[in-house]
>>> print(open('model-v5.cif').read())   # mmCIF, C-alpha atoms
data_work
#
loop_
_atom_site.group_PDB
_atom_site.id
_atom_site.type_symbol
_atom_site.label_atom_id
_atom_site.label_comp_id
_atom_site.auth_asym_id
_atom_site.auth_seq_id
_atom_site.Cartn_x
_atom_site.Cartn_y
_atom_site.Cartn_z
ATOM 1 C CA MET D 30 43.219 -49.229 5.699
ATOM 2 C CA MET D 31 42.513 -52.662 4.239
ATOM 3 C CA ARG D 32 39.115 -51.527 2.998
ATOM 4 C CA THR D 33 40.628 -48.487 1.216
ATOM 5 C CA ARG D 34 43.186 -50.723 -0.434
ATOM 6 C CA LEU D 35 40.477 -53.119 -1.665
ATOM 7 C CA VAL D 36 38.461 -50.217 -3.061
ATOM 8 C CA LYS D 37 41.531 -48.933 -4.942
ATOM 9 C CA ILE D 38 42.252 -52.385 -6.362
ATOM 10 C CA GLY D 39 38.602 -52.810 -7.353
ATOM 11 C CA CYS D 40 38.533 -49.427 -9.093
ATOM 12 C CA THR D 41 41.759 -50.196 -10.950
ATOM 13 C CA ILE D 42 40.392 -53.530 -12.168
ATOM 14 C CA LEU D 43 37.132 -51.862 -13.190
ATOM 15 C CA PHE D 44 38.926 -49.207 -15.260
ATOM 16 C CA LEU D 45 41.016 -51.897 -16.958
ATOM 17 C CA VAL D 46 38.057 -54.160 -17.729
ATOM 18 C CA LEU D 47 35.421 -51.566 -18.781
ATOM 19 C CA PRO D 48 36.828 -50.853 -22.267
ATOM 20 C CA GLY D 49 36.648 -54.574 -23.031
ATOM 21 C CA LEU D 50 33.022 -54.667 -21.946
ATOM 22 C CA ALA D 51 31.979 -51.795 -24.203
ATOM 23 C CA GLN D 52 29.184 -52.828 -26.520
ATOM 24 C CA GLU D 53 30.215 -53.501 -30.084
ATOM 25 C CA HIS D 54 27.695 -52.068 -32.517
ATOM 26 C CA ARG D 55 27.264 -54.415 -35.468
ATOM 27 C CA TRP D 56 24.875 -54.013 -38.345
ATOM 28 C CA ALA D 57 24.808 -55.820 -41.698
ATOM 29 C CA GLY D 58 28.213 -57.339 -41.106
ATOM 30 C CA ARG D 59 29.874 -54.018 -40.288
ATOM 31 C CA THR D 60 31.146 -52.744 -36.987
ATOM 32 C CA LEU D 61 29.902 -49.209 -36.440
ATOM 33 C CA ASP D 62 31.513 -46.634 -34.179
ATOM 34 C CA ASN D 63 29.280 -44.804 -31.711
ATOM 35 C CA LEU D 64 28.400 -41.933 -34.068
ATOM 36 C CA GLU D 65 27.634 -44.299 -36.951
ATOM 37 C CA TRP D 66 25.448 -46.369 -34.634
ATOM 38 C CA GLN D 67 23.552 -43.267 -33.513
ATOM 39 C CA ILE D 68 22.962 -42.254 -37.132
ATOM 40 C CA HIS D 69 21.830 -45.786 -37.999
ATOM 41 C CA GLN D 70 19.355 -45.780 -35.093
ATOM 42 C CA GLU D 71 17.997 -42.332 -35.951
ATOM 43 C CA LEU D 72 17.420 -43.268 -39.598
ATOM 44 C CA ALA D 73 15.800 -46.599 -38.700
ATOM 45 C CA ALA D 74 13.344 -44.837 -36.370
ATOM 46 C CA LEU D 75 12.197 -42.147 -38.795
ATOM 47 C CA PRO D 76 8.430 -41.809 -39.128
ATOM 48 C CA PHE D 77 7.120 -42.897 -42.544
ATOM 49 C CA HIS D 78 10.451 -44.572 -43.444
ATOM 50 C CA GLY D 79 9.363 -47.939 -44.699
ATOM 51 C CA VAL D 80 9.891 -50.969 -46.860
ATOM 52 C CA PHE D 81 9.764 -48.917 -50.096
ATOM 53 C CA ASP D 82 12.575 -46.565 -48.987
ATOM 54 C CA THR D 83 16.282 -47.062 -48.603
ATOM 55 C CA LEU D 84 18.597 -44.785 -46.669
ATOM 56 C CA ARG D 85 22.392 -44.909 -46.523
ATOM 57 C CA PHE D 86 25.003 -42.748 -44.874
ATOM 58 C CA GLU D 87 28.734 -42.185 -44.754
ATOM 59 C CA VAL D 88 30.646 -40.379 -42.051
ATOM 60 C CA GLN D 89 33.965 -38.647 -42.547
ATOM 61 C CA ASP D 90 35.251 -36.524 -39.705
ATOM 62 C CA GLN D 91 32.236 -34.434 -38.688
ATOM 63 C CA THR D 92 30.476 -34.649 -42.054
ATOM 64 C CA SER D 93 27.625 -37.060 -42.666
ATOM 65 C CA VAL D 94 26.541 -37.733 -46.254
ATOM 66 C CA LEU D 95 23.009 -39.104 -46.585
ATOM 67 C CA SER D 96 21.881 -40.921 -49.719
ATOM 68 C CA GLY D 97 19.168 -43.300 -50.845
ATOM 69 C CA LEU D 98 15.715 -43.265 -52.383
ATOM 70 C CA VAL D 99 12.479 -42.455 -50.556
ATOM 71 C CA LEU D 100 8.803 -42.060 -51.429
ATOM 72 C CA ARG D 101 8.144 -38.948 -49.339
ATOM 73 C CA GLU D 102 9.884 -35.594 -49.128
ATOM 74 C CA THR D 103 9.211 -35.609 -45.370
ATOM 75 C CA VAL D 104 11.434 -38.684 -44.924
ATOM 76 C CA LYS D 105 14.292 -36.855 -46.649
ATOM 77 C CA GLU D 106 13.783 -33.767 -44.497
ATOM 78 C CA ASN D 107 13.375 -35.726 -41.258
ATOM 79 C CA ALA D 108 16.524 -37.755 -41.978
ATOM 80 C CA GLU D 109 18.598 -34.605 -42.359
ATOM 81 C CA ARG D 110 17.055 -33.038 -39.259
ATOM 82 C CA ALA D 111 17.637 -36.166 -37.133
ATOM 83 C CA VAL D 112 21.284 -36.537 -38.148
ATOM 84 C CA ARG D 113 22.043 -32.806 -37.918
ATOM 85 C CA ARG D 114 21.138 -32.683 -34.221
ATOM 86 C CA LEU D 115 23.554 -35.482 -33.214
ATOM 87 C CA ASP D 116 26.687 -34.578 -31.295
ATOM 88 C CA GLY D 117 29.700 -35.104 -33.516
ATOM 89 C CA VAL D 118 27.942 -34.078 -36.744
ATOM 90 C CA ALA D 119 28.798 -30.592 -37.962
ATOM 91 C CA ILE D 120 27.766 -30.886 -41.620
ATOM 92 C CA VAL D 121 25.018 -32.933 -43.266
ATOM 93 C CA VAL D 122 25.082 -33.378 -47.029
ATOM 94 C CA ASN D 123 21.642 -34.586 -48.045
ATOM 95 C CA GLN D 124 21.764 -36.489 -51.349
ATOM 96 C CA ILE D 125 18.572 -38.475 -50.705
ATOM 97 C CA GLU D 126 16.405 -38.668 -53.825
ATOM 98 C CA VAL D 127 12.629 -38.473 -53.598
ATOM 99 C CA LEU D 128 11.063 -40.904 -56.058
ATOM 100 C CA PRO D 129 8.541 -39.435 -58.494
ATOM 101 C CA ALA D 130 4.888 -40.360 -58.054
ATOM 102 C CA SER D 131 3.903 -43.147 -60.444
ATOM 103 C CA ARG D 132 0.876 -45.418 -60.497
ATOM 104 C CA ALA D 133 2.831 -48.007 -62.501
ATOM 105 C CA ASP D 134 5.608 -48.034 -59.895
ATOM 106 C CA ASP D 135 3.047 -48.244 -57.070
ATOM 107 C CA ALA D 136 1.456 -51.287 -58.700
ATOM 108 C CA ILE D 137 4.862 -52.968 -59.040
ATOM 109 C CA ARG D 138 5.709 -52.188 -55.396
ATOM 110 C CA SER D 139 2.507 -53.910 -54.270
ATOM 111 C CA LYS D 140 3.083 -56.964 -56.453
ATOM 112 C CA VAL D 141 6.709 -57.388 -55.411
ATOM 113 C CA TYR D 142 5.813 -56.893 -51.745
ATOM 114 C CA ARG D 143 3.153 -59.615 -51.924
ATOM 115 C CA VAL D 144 5.353 -62.163 -53.692
ATOM 116 C CA ILE D 145 8.309 -61.596 -51.365
ATOM 117 C CA TYR D 146 6.581 -61.311 -47.995
ATOM 118 C CA GLY D 147 3.503 -63.417 -48.804
ATOM 119 C CA LYS D 148 4.805 -66.845 -47.802
ATOM 120 C CA GLN D 149 7.638 -68.794 -46.228
ATOM 121 C CA PRO D 150 10.594 -68.667 -45.956
ATOM 122 C CA LEU D 151 10.682 -64.879 -46.475
ATOM 123 C CA GLU D 152 7.550 -64.092 -44.488
ATOM 124 C CA LYS D 153 9.686 -63.757 -41.332
ATOM 125 C CA TYR D 154 11.434 -60.647 -42.687
ATOM 126 C CA GLY D 155 8.119 -58.803 -42.950
ATOM 127 C CA THR D 156 7.167 -59.365 -39.317
ATOM 128 C CA ARG D 157 10.077 -57.329 -37.962
ATOM 129 C CA ALA D 158 9.564 -53.757 -36.795
ATOM 130 C CA MET D 159 11.421 -52.610 -39.899
ATOM 131 C CA PRO D 160 11.239 -55.205 -42.676
ATOM 132 C CA SER D 161 14.794 -55.983 -43.747
ATOM 133 C CA ILE D 162 14.094 -56.434 -47.460
ATOM 134 C CA HIS D 163 13.478 -53.023 -49.016
ATOM 135 C CA ILE D 164 11.769 -52.802 -52.404
ATOM 136 C CA ILE D 165 12.834 -49.761 -54.395
ATOM 137 C CA VAL D 166 10.946 -49.104 -57.638
ATOM 138 C CA LYS D 167 11.955 -46.320 -60.006
ATOM 139 C CA GLY D 168 10.650 -46.204 -63.550
ATOM 140 C CA THR D 169 9.416 -49.831 -63.321
ATOM 141 C CA TYR D 170 12.945 -50.989 -62.397
ATOM 142 C CA VAL D 171 13.108 -52.835 -59.063
ATOM 143 C CA THR D 172 16.070 -52.903 -56.714
ATOM 144 C CA LEU D 173 16.095 -55.102 -53.624
ATOM 145 C CA GLU D 174 18.087 -53.602 -50.743
ATOM 146 C CA GLY D 175 18.744 -54.803 -47.218
ATOM 147 C CA VAL D 176 20.053 -57.760 -45.290
ATOM 148 C CA VAL D 177 18.898 -61.380 -45.156
ATOM 149 C CA ASP D 178 20.054 -64.377 -43.139
ATOM 150 C CA SER D 179 21.232 -66.656 -45.952
ATOM 151 C CA GLU D 180 22.195 -66.883 -49.598
ATOM 152 C CA ALA D 181 19.101 -69.060 -50.116
ATOM 153 C CA ASP D 182 16.850 -66.246 -48.819
ATOM 154 C CA ARG D 183 18.696 -63.741 -51.020
ATOM 155 C CA ASN D 184 18.105 -65.878 -54.108
ATOM 156 C CA THR D 185 14.492 -66.644 -53.189
ATOM 157 C CA ALA D 186 13.707 -62.926 -52.815
ATOM 158 C CA TYR D 187 15.242 -62.230 -56.215
ATOM 159 C CA LEU D 188 13.370 -65.037 -57.971
ATOM 160 C CA ARG D 189 10.082 -64.000 -56.384
ATOM 161 C CA ALA D 190 10.613 -60.361 -57.385
ATOM 162 C CA LEU D 191 11.157 -61.520 -60.968
ATOM 163 C CA GLN D 192 7.642 -63.005 -60.859
ATOM 164 C CA ALA D 193 6.228 -59.506 -60.386
ATOM 165 C CA ALA D 194 8.668 -57.306 -62.332
ATOM 166 C CA HIS D 195 10.770 -57.610 -65.454
ATOM 167 C CA HIS D 196 13.845 -55.693 -64.302
ATOM 168 C CA VAL D 197 15.190 -56.611 -60.865
ATOM 169 C CA THR D 198 18.580 -55.790 -59.337
ATOM 170 C CA ASN D 199 19.469 -57.802 -56.262
ATOM 171 C CA ASN D 200 21.540 -55.716 -53.823
ATOM 172 C CA LEU D 201 20.558 -57.824 -50.799
ATOM 173 C CA ARG D 202 23.440 -58.678 -48.501
ATOM 174 C CA VAL D 203 23.773 -61.823 -46.424
ATOM 175 C CA ALA D 204 24.434 -61.137 -42.743
ATOM 176 C CA PRO D 205 27.539 -62.914 -41.484
ATOM 177 C CA GLU D 206 26.996 -65.782 -39.102
ATOM 178 C CA ARG D 207 27.294 -64.878 -35.461
#
>>> encode(input="model-v5.cif", output="structure tokens")
Amino acid sequence: MMRTRLVKIGCTILFLVLPGLAQEHRWAGRTLDNLEWQIHQELAALPFHGVFDTLRFEVQDQTSVLSGLVLRETVKENAERAVRRLDGVAIVVNQIEVLPASRADDAIRSKVYRVIYGKQPLEKYGTRAMPSIHIIVKGTYVTLEGVVDSEADRNTAYLRALQAAHHVTNNLRVAPER
């Protein structure tokens, strides 16, 4: 009798405490719900998605809108396929743009990559599984996308990119302190 009562009390406490223990999914200063987190993880794990691509998404009801700029058509296709198969997604609107092939843009990508990731303090961002500073080049115009740890790193990345390209837009965000 006493044992049954303890089990009931334990189960009640467990059901009251579990919602508070649920993992909070945070990325780039935003709290993501479970579906958004799943989409984020799927996009981050895409094969051939790299430092010269940027992918974004929005979720409204059961519709996911994908956007961004990528070097390969396969990344665009794989992104749509990965998100489409998730529970909770009924419609995928794929607005991802595939960048045109350009030797001039390729040369700028290489230069900007070297000046940003080549030495401290930004070198650390390039050693992560997915580098957090993305270098998007379209028509010789450079856009920096992603998340860095500090305003100093944000400014350093911008100034270094200006060493390798004439037109640079700095869309880097600073992650909030934990």
>>> resolve_selection(input="model-v5.cif", expression="the PyMOL selection byres ((chain D and resi 140) around 12)", output="list in words")
Ala133, Asp134, Asp135, Ala136, Ile137, Arg138, Ser139, Val141, Tyr142, Arg143, Val144, Ile145, Tyr146, Gly147, Ile164, Val166, Thr169, Val171, Arg189, Ala190, Leu191, Gln192, Ala193, Ala194 and His195 of chain D
>>> residues_around(input="model-v5.cif", residues="Glu180 of chain D", least_positions_apart="3", cutoff="7 Å", atoms="all atoms listed in the file", output="PyMOL selection string")
chain D and resi 183-184+203
>>> atom_distance(input="model-v5.cif", atom1="atom CA of Ala73 of chain D", atom2="atom CA of Met159 of chain D")
7.5 Å
>>> residues_around(input="model-v5.cif", residues="segment 125-130 of chain D", least_positions_apart="3", cutoff="12 Å", atoms="only C-alpha atoms", output="ChimeraX atom specification")
/D:81-86,94-109,121-122,133-136,165-169
>>> write_last_selection(input="model-v5.cif", atoms="C-alpha atoms", output="compact mmCIF listing (two decimals), keeping the file's coordinate frame")
# COMPACT_ATOMS: atom_id res chain seq x y z
CA PHE D 81 9.76 -48.92 -50.10
CA ASP D 82 12.58 -46.56 -48.99
CA THR D 83 16.28 -47.06 -48.60
CA LEU D 84 18.60 -44.78 -46.67
CA ARG D 85 22.39 -44.91 -46.52
CA PHE D 86 25.00 -42.75 -44.87
CA VAL D 94 26.54 -37.73 -46.25
CA LEU D 95 23.01 -39.10 -46.58
CA SER D 96 21.88 -40.92 -49.72
CA GLY D 97 19.17 -43.30 -50.84
CA LEU D 98 15.72 -43.26 -52.38
CA VAL D 99 12.48 -42.46 -50.56
CA LEU D 100 8.80 -42.06 -51.43
CA ARG D 101 8.14 -38.95 -49.34
CA GLU D 102 9.88 -35.59 -49.13
CA THR D 103 9.21 -35.61 -45.37
CA VAL D 104 11.43 -38.68 -44.92
CA LYS D 105 14.29 -36.85 -46.65
CA GLU D 106 13.78 -33.77 -44.50
CA ASN D 107 13.38 -35.73 -41.26
CA ALA D 108 16.52 -37.76 -41.98
CA GLU D 109 18.60 -34.60 -42.36
CA VAL D 121 25.02 -32.93 -43.27
CA VAL D 122 25.08 -33.38 -47.03
CA ALA D 133 2.83 -48.01 -62.50
CA ASP D 134 5.61 -48.03 -59.90
CA ASP D 135 3.05 -48.24 -57.07
CA ALA D 136 1.46 -51.29 -58.70
CA ILE D 165 12.83 -49.76 -54.40
CA VAL D 166 10.95 -49.10 -57.64
CA LYS D 167 11.96 -46.32 -60.01
CA GLY D 168 10.65 -46.20 -63.55
CA THR D 169 9.42 -49.83 -63.32
>>> residues_near_point(input="model-v5.cif", point="(13.9, -60.3, -46.2)", cutoff="7 Å", atoms="all atoms listed in the file", output="MDAnalysis selection string")
chainID D and resid 151 154:155 160:162 176:177
>>> decode(input="model-v5.cif", residues="segment 85-101 of chain D", atoms="all heavy atoms", output="PDB file, in the first residue's frame")
ATOM      1  N   ARG D  85      18.272  29.762 -45.304  1.00  0.00           N
ATOM      2  CA  ARG D  85      17.367  30.289 -44.278  1.00  0.00           C
ATOM      3  C   ARG D  85      16.024  29.598 -44.439  1.00  0.00           C
ATOM      4  O   ARG D  85      15.719  29.037 -45.497  1.00  0.00           O
ATOM      5  CB  ARG D  85      17.197  31.802 -44.453  1.00  0.00           C
ATOM      6  CG  ARG D  85      18.455  32.604 -44.163  1.00  0.00           C
ATOM      7  CD  ARG D  85      18.234  34.093 -44.343  1.00  0.00           C
ATOM      8  NE  ARG D  85      18.072  34.495 -45.725  1.00  0.00           N
ATOM      9  CZ  ARG D  85      19.061  34.690 -46.589  1.00  0.00           C
ATOM     10  NH1 ARG D  85      20.303  34.492 -46.215  1.00  0.00           N
ATOM     11  NH2 ARG D  85      18.826  35.061 -47.829  1.00  0.00           N
ATOM     12  N   PHE D  86      15.213  29.687 -43.401  1.00  0.00           N
ATOM     13  CA  PHE D  86      13.873  29.118 -43.486  1.00  0.00           C
ATOM     14  C   PHE D  86      12.928  29.893 -42.582  1.00  0.00           C
ATOM     15  O   PHE D  86      13.345  30.532 -41.623  1.00  0.00           O
ATOM     16  CB  PHE D  86      13.870  27.630 -43.105  1.00  0.00           C
ATOM     17  CG  PHE D  86      14.206  27.390 -41.657  1.00  0.00           C
ATOM     18  CD1 PHE D  86      13.208  27.340 -40.689  1.00  0.00           C
ATOM     19  CD2 PHE D  86      15.517  27.211 -41.255  1.00  0.00           C
ATOM     20  CE1 PHE D  86      13.521  27.131 -39.358  1.00  0.00           C
ATOM     21  CE2 PHE D  86      15.839  27.010 -39.930  1.00  0.00           C
ATOM     22  CZ  PHE D  86      14.841  26.958 -38.971  1.00  0.00           C
ATOM     23  N   GLU D  87      11.667  29.822 -42.928  1.00  0.00           N
ATOM     24  CA  GLU D  87      10.585  30.344 -42.096  1.00  0.00           C
ATOM     25  C   GLU D  87       9.510  29.284 -42.046  1.00  0.00           C
ATOM     26  O   GLU D  87       9.280  28.585 -43.032  1.00  0.00           O
ATOM     27  CB  GLU D  87      10.008  31.630 -42.692  1.00  0.00           C
ATOM     28  CG  GLU D  87      10.954  32.804 -42.666  1.00  0.00           C
ATOM     29  CD  GLU D  87      10.330  34.050 -43.280  1.00  0.00           C
ATOM     30  OE1 GLU D  87       9.089  34.209 -43.199  1.00  0.00           O
ATOM     31  OE2 GLU D  87      11.082  34.839 -43.846  1.00  0.00           O
ATOM     32  N   VAL D  88       8.853  29.183 -40.904  1.00  0.00           N
ATOM     33  CA  VAL D  88       7.784  28.211 -40.743  1.00  0.00           C
ATOM     34  C   VAL D  88       6.523  28.950 -40.319  1.00  0.00           C
ATOM     35  O   VAL D  88       6.557  29.764 -39.398  1.00  0.00           O
ATOM     36  CB  VAL D  88       8.143  27.145 -39.681  1.00  0.00           C
ATOM     37  CG1 VAL D  88       6.988  26.177 -39.476  1.00  0.00           C
ATOM     38  CG2 VAL D  88       9.403  26.403 -40.074  1.00  0.00           C
ATOM     39  N   GLN D  89       5.442  28.683 -41.048  1.00  0.00           N
ATOM     40  CA  GLN D  89       4.145  29.219 -40.673  1.00  0.00           C
ATOM     41  C   GLN D  89       3.140  28.096 -40.847  1.00  0.00           C
ATOM     42  O   GLN D  89       2.960  27.584 -41.962  1.00  0.00           O
ATOM     43  CB  GLN D  89       3.781  30.419 -41.536  1.00  0.00           C
ATOM     44  CG  GLN D  89       2.556  31.134 -41.057  1.00  0.00           C
ATOM     45  CD  GLN D  89       2.356  32.457 -41.767  1.00  0.00           C
ATOM     46  OE1 GLN D  89       2.970  32.744 -42.786  1.00  0.00           O
ATOM     47  NE2 GLN D  89       1.488  33.271 -41.219  1.00  0.00           N
ATOM     48  N   ASP D  90       2.518  27.730 -39.743  1.00  0.00           N
ATOM     49  CA  ASP D  90       1.633  26.569 -39.721  1.00  0.00           C
ATOM     50  C   ASP D  90       2.417  25.361 -40.216  1.00  0.00           C
ATOM     51  O   ASP D  90       3.423  25.022 -39.650  1.00  0.00           O
ATOM     52  CB  ASP D  90       0.362  26.823 -40.529  1.00  0.00           C
ATOM     53  CG  ASP D  90      -0.458  27.983 -39.979  1.00  0.00           C
ATOM     54  OD1 ASP D  90      -0.511  28.114 -38.737  1.00  0.00           O
ATOM     55  OD2 ASP D  90      -1.021  28.766 -40.770  1.00  0.00           O
ATOM     56  N   GLN D  91       1.960  24.728 -41.296  1.00  0.00           N
ATOM     57  CA  GLN D  91       2.652  23.552 -41.809  1.00  0.00           C
ATOM     58  C   GLN D  91       3.419  23.847 -43.099  1.00  0.00           C
ATOM     59  O   GLN D  91       3.779  22.948 -43.835  1.00  0.00           O
ATOM     60  CB  GLN D  91       1.662  22.416 -42.038  1.00  0.00           C
ATOM     61  CG  GLN D  91       1.083  21.874 -40.745  1.00  0.00           C
ATOM     62  CD  GLN D  91       0.227  20.652 -40.990  1.00  0.00           C
ATOM     63  OE1 GLN D  91      -0.405  20.512 -42.033  1.00  0.00           O
ATOM     64  NE2 GLN D  91       0.217  19.754 -40.028  1.00  0.00           N
ATOM     65  N   THR D  92       3.668  25.139 -43.338  1.00  0.00           N
ATOM     66  CA  THR D  92       4.402  25.551 -44.531  1.00  0.00           C
ATOM     67  C   THR D  92       5.793  26.022 -44.140  1.00  0.00           C
ATOM     68  O   THR D  92       5.955  26.828 -43.234  1.00  0.00           O
ATOM     69  CB  THR D  92       3.656  26.692 -45.258  1.00  0.00           C
ATOM     70  OG1 THR D  92       2.359  26.232 -45.638  1.00  0.00           O
ATOM     71  CG2 THR D  92       4.424  27.139 -46.499  1.00  0.00           C
ATOM     72  N   SER D  93       6.788  25.504 -44.839  1.00  0.00           N
ATOM     73  CA  SER D  93       8.167  25.918 -44.631  1.00  0.00           C
ATOM     74  C   SER D  93       8.652  26.604 -45.902  1.00  0.00           C
ATOM     75  O   SER D  93       8.553  26.037 -46.991  1.00  0.00           O
ATOM     76  CB  SER D  93       9.037  24.703 -44.319  1.00  0.00           C
ATOM     77  OG  SER D  93      10.376  25.100 -44.179  1.00  0.00           O
ATOM     78  N   VAL D  94       9.147  27.838 -45.754  1.00  0.00           N
ATOM     79  CA  VAL D  94       9.682  28.585 -46.888  1.00  0.00           C
ATOM     80  C   VAL D  94      11.200  28.585 -46.766  1.00  0.00           C
ATOM     81  O   VAL D  94      11.751  29.064 -45.769  1.00  0.00           O
ATOM     82  CB  VAL D  94       9.148  30.037 -46.918  1.00  0.00           C
ATOM     83  CG1 VAL D  94       9.743  30.793 -48.094  1.00  0.00           C
ATOM     84  CG2 VAL D  94       7.623  30.044 -46.981  1.00  0.00           C
ATOM     85  N   LEU D  95      11.865  28.030 -47.763  1.00  0.00           N
ATOM     86  CA  LEU D  95      13.325  27.973 -47.796  1.00  0.00           C
ATOM     87  C   LEU D  95      13.839  29.097 -48.683  1.00  0.00           C
ATOM     88  O   LEU D  95      13.280  29.359 -49.752  1.00  0.00           O
ATOM     89  CB  LEU D  95      13.794  26.634 -48.363  1.00  0.00           C
ATOM     90  CG  LEU D  95      13.308  25.376 -47.646  1.00  0.00           C
ATOM     91  CD1 LEU D  95      13.794  24.135 -48.390  1.00  0.00           C
ATOM     92  CD2 LEU D  95      13.774  25.362 -46.216  1.00  0.00           C
ATOM     93  N   SER D  96      14.920  29.734 -48.244  1.00  0.00           N
ATOM     94  CA  SER D  96      15.545  30.781 -49.055  1.00  0.00           C
ATOM     95  C   SER D  96      17.048  30.725 -48.821  1.00  0.00           C
ATOM     96  O   SER D  96      17.537  29.987 -47.979  1.00  0.00           O
ATOM     97  CB  SER D  96      14.976  32.153 -48.702  1.00  0.00           C
ATOM     98  OG  SER D  96      15.212  32.451 -47.342  1.00  0.00           O
ATOM     99  N   GLY D  97      17.765  31.536 -49.564  1.00  0.00           N
ATOM    100  CA  GLY D  97      19.217  31.596 -49.428  1.00  0.00           C
ATOM    101  C   GLY D  97      19.881  31.513 -50.783  1.00  0.00           C
ATOM    102  O   GLY D  97      19.226  31.552 -51.827  1.00  0.00           O
ATOM    103  N   LEU D  98      21.200  31.394 -50.741  1.00  0.00           N
ATOM    104  CA  LEU D  98      22.018  31.330 -51.952  1.00  0.00           C
ATOM    105  C   LEU D  98      22.991  30.166 -51.818  1.00  0.00           C
ATOM    106  O   LEU D  98      23.648  30.023 -50.776  1.00  0.00           O
ATOM    107  CB  LEU D  98      22.799  32.635 -52.130  1.00  0.00           C
ATOM    108  CG  LEU D  98      21.936  33.883 -52.325  1.00  0.00           C
ATOM    109  CD1 LEU D  98      22.703  35.128 -51.955  1.00  0.00           C
ATOM    110  CD2 LEU D  98      21.452  33.951 -53.753  1.00  0.00           C
ATOM    111  N   VAL D  99      23.074  29.338 -52.850  1.00  0.00           N
ATOM    112  CA  VAL D  99      23.940  28.162 -52.813  1.00  0.00           C
ATOM    113  C   VAL D  99      24.721  28.039 -54.118  1.00  0.00           C
ATOM    114  O   VAL D  99      24.322  28.585 -55.146  1.00  0.00           O
ATOM    115  CB  VAL D  99      23.139  26.860 -52.560  1.00  0.00           C
ATOM    116  CG1 VAL D  99      22.467  26.894 -51.193  1.00  0.00           C
ATOM    117  CG2 VAL D  99      22.110  26.614 -53.655  1.00  0.00           C
ATOM    118  N   LEU D 100      25.827  27.329 -54.065  1.00  0.00           N
ATOM    119  CA  LEU D 100      26.650  27.118 -55.261  1.00  0.00           C
ATOM    120  C   LEU D 100      26.146  25.979 -56.142  1.00  0.00           C
ATOM    121  O   LEU D 100      26.362  25.988 -57.341  1.00  0.00           O
ATOM    122  CB  LEU D 100      28.099  26.814 -54.866  1.00  0.00           C
ATOM    123  CG  LEU D 100      28.901  27.959 -54.262  1.00  0.00           C
ATOM    124  CD1 LEU D 100      30.295  27.491 -53.872  1.00  0.00           C
ATOM    125  CD2 LEU D 100      28.983  29.122 -55.227  1.00  0.00           C
ATOM    126  N   ARG D 101      25.492  24.995 -55.543  1.00  0.00           N
ATOM    127  CA  ARG D 101      25.113  23.791 -56.288  1.00  0.00           C
ATOM    128  C   ARG D 101      23.600  23.582 -56.280  1.00  0.00           C
ATOM    129  O   ARG D 101      22.946  23.690 -55.249  1.00  0.00           O
ATOM    130  CB  ARG D 101      25.769  22.556 -55.672  1.00  0.00           C
ATOM    131  CG  ARG D 101      27.263  22.550 -55.745  1.00  0.00           C
ATOM    132  CD  ARG D 101      27.790  21.249 -55.148  1.00  0.00           C
ATOM    133  NE  ARG D 101      29.215  21.151 -55.300  1.00  0.00           N
ATOM    134  CZ  ARG D 101      30.083  21.452 -54.336  1.00  0.00           C
ATOM    135  NH1 ARG D 101      29.668  21.848 -53.158  1.00  0.00           N
ATOM    136  NH2 ARG D 101      31.375  21.331 -54.553  1.00  0.00           N
TER     137      ARG D 101
END
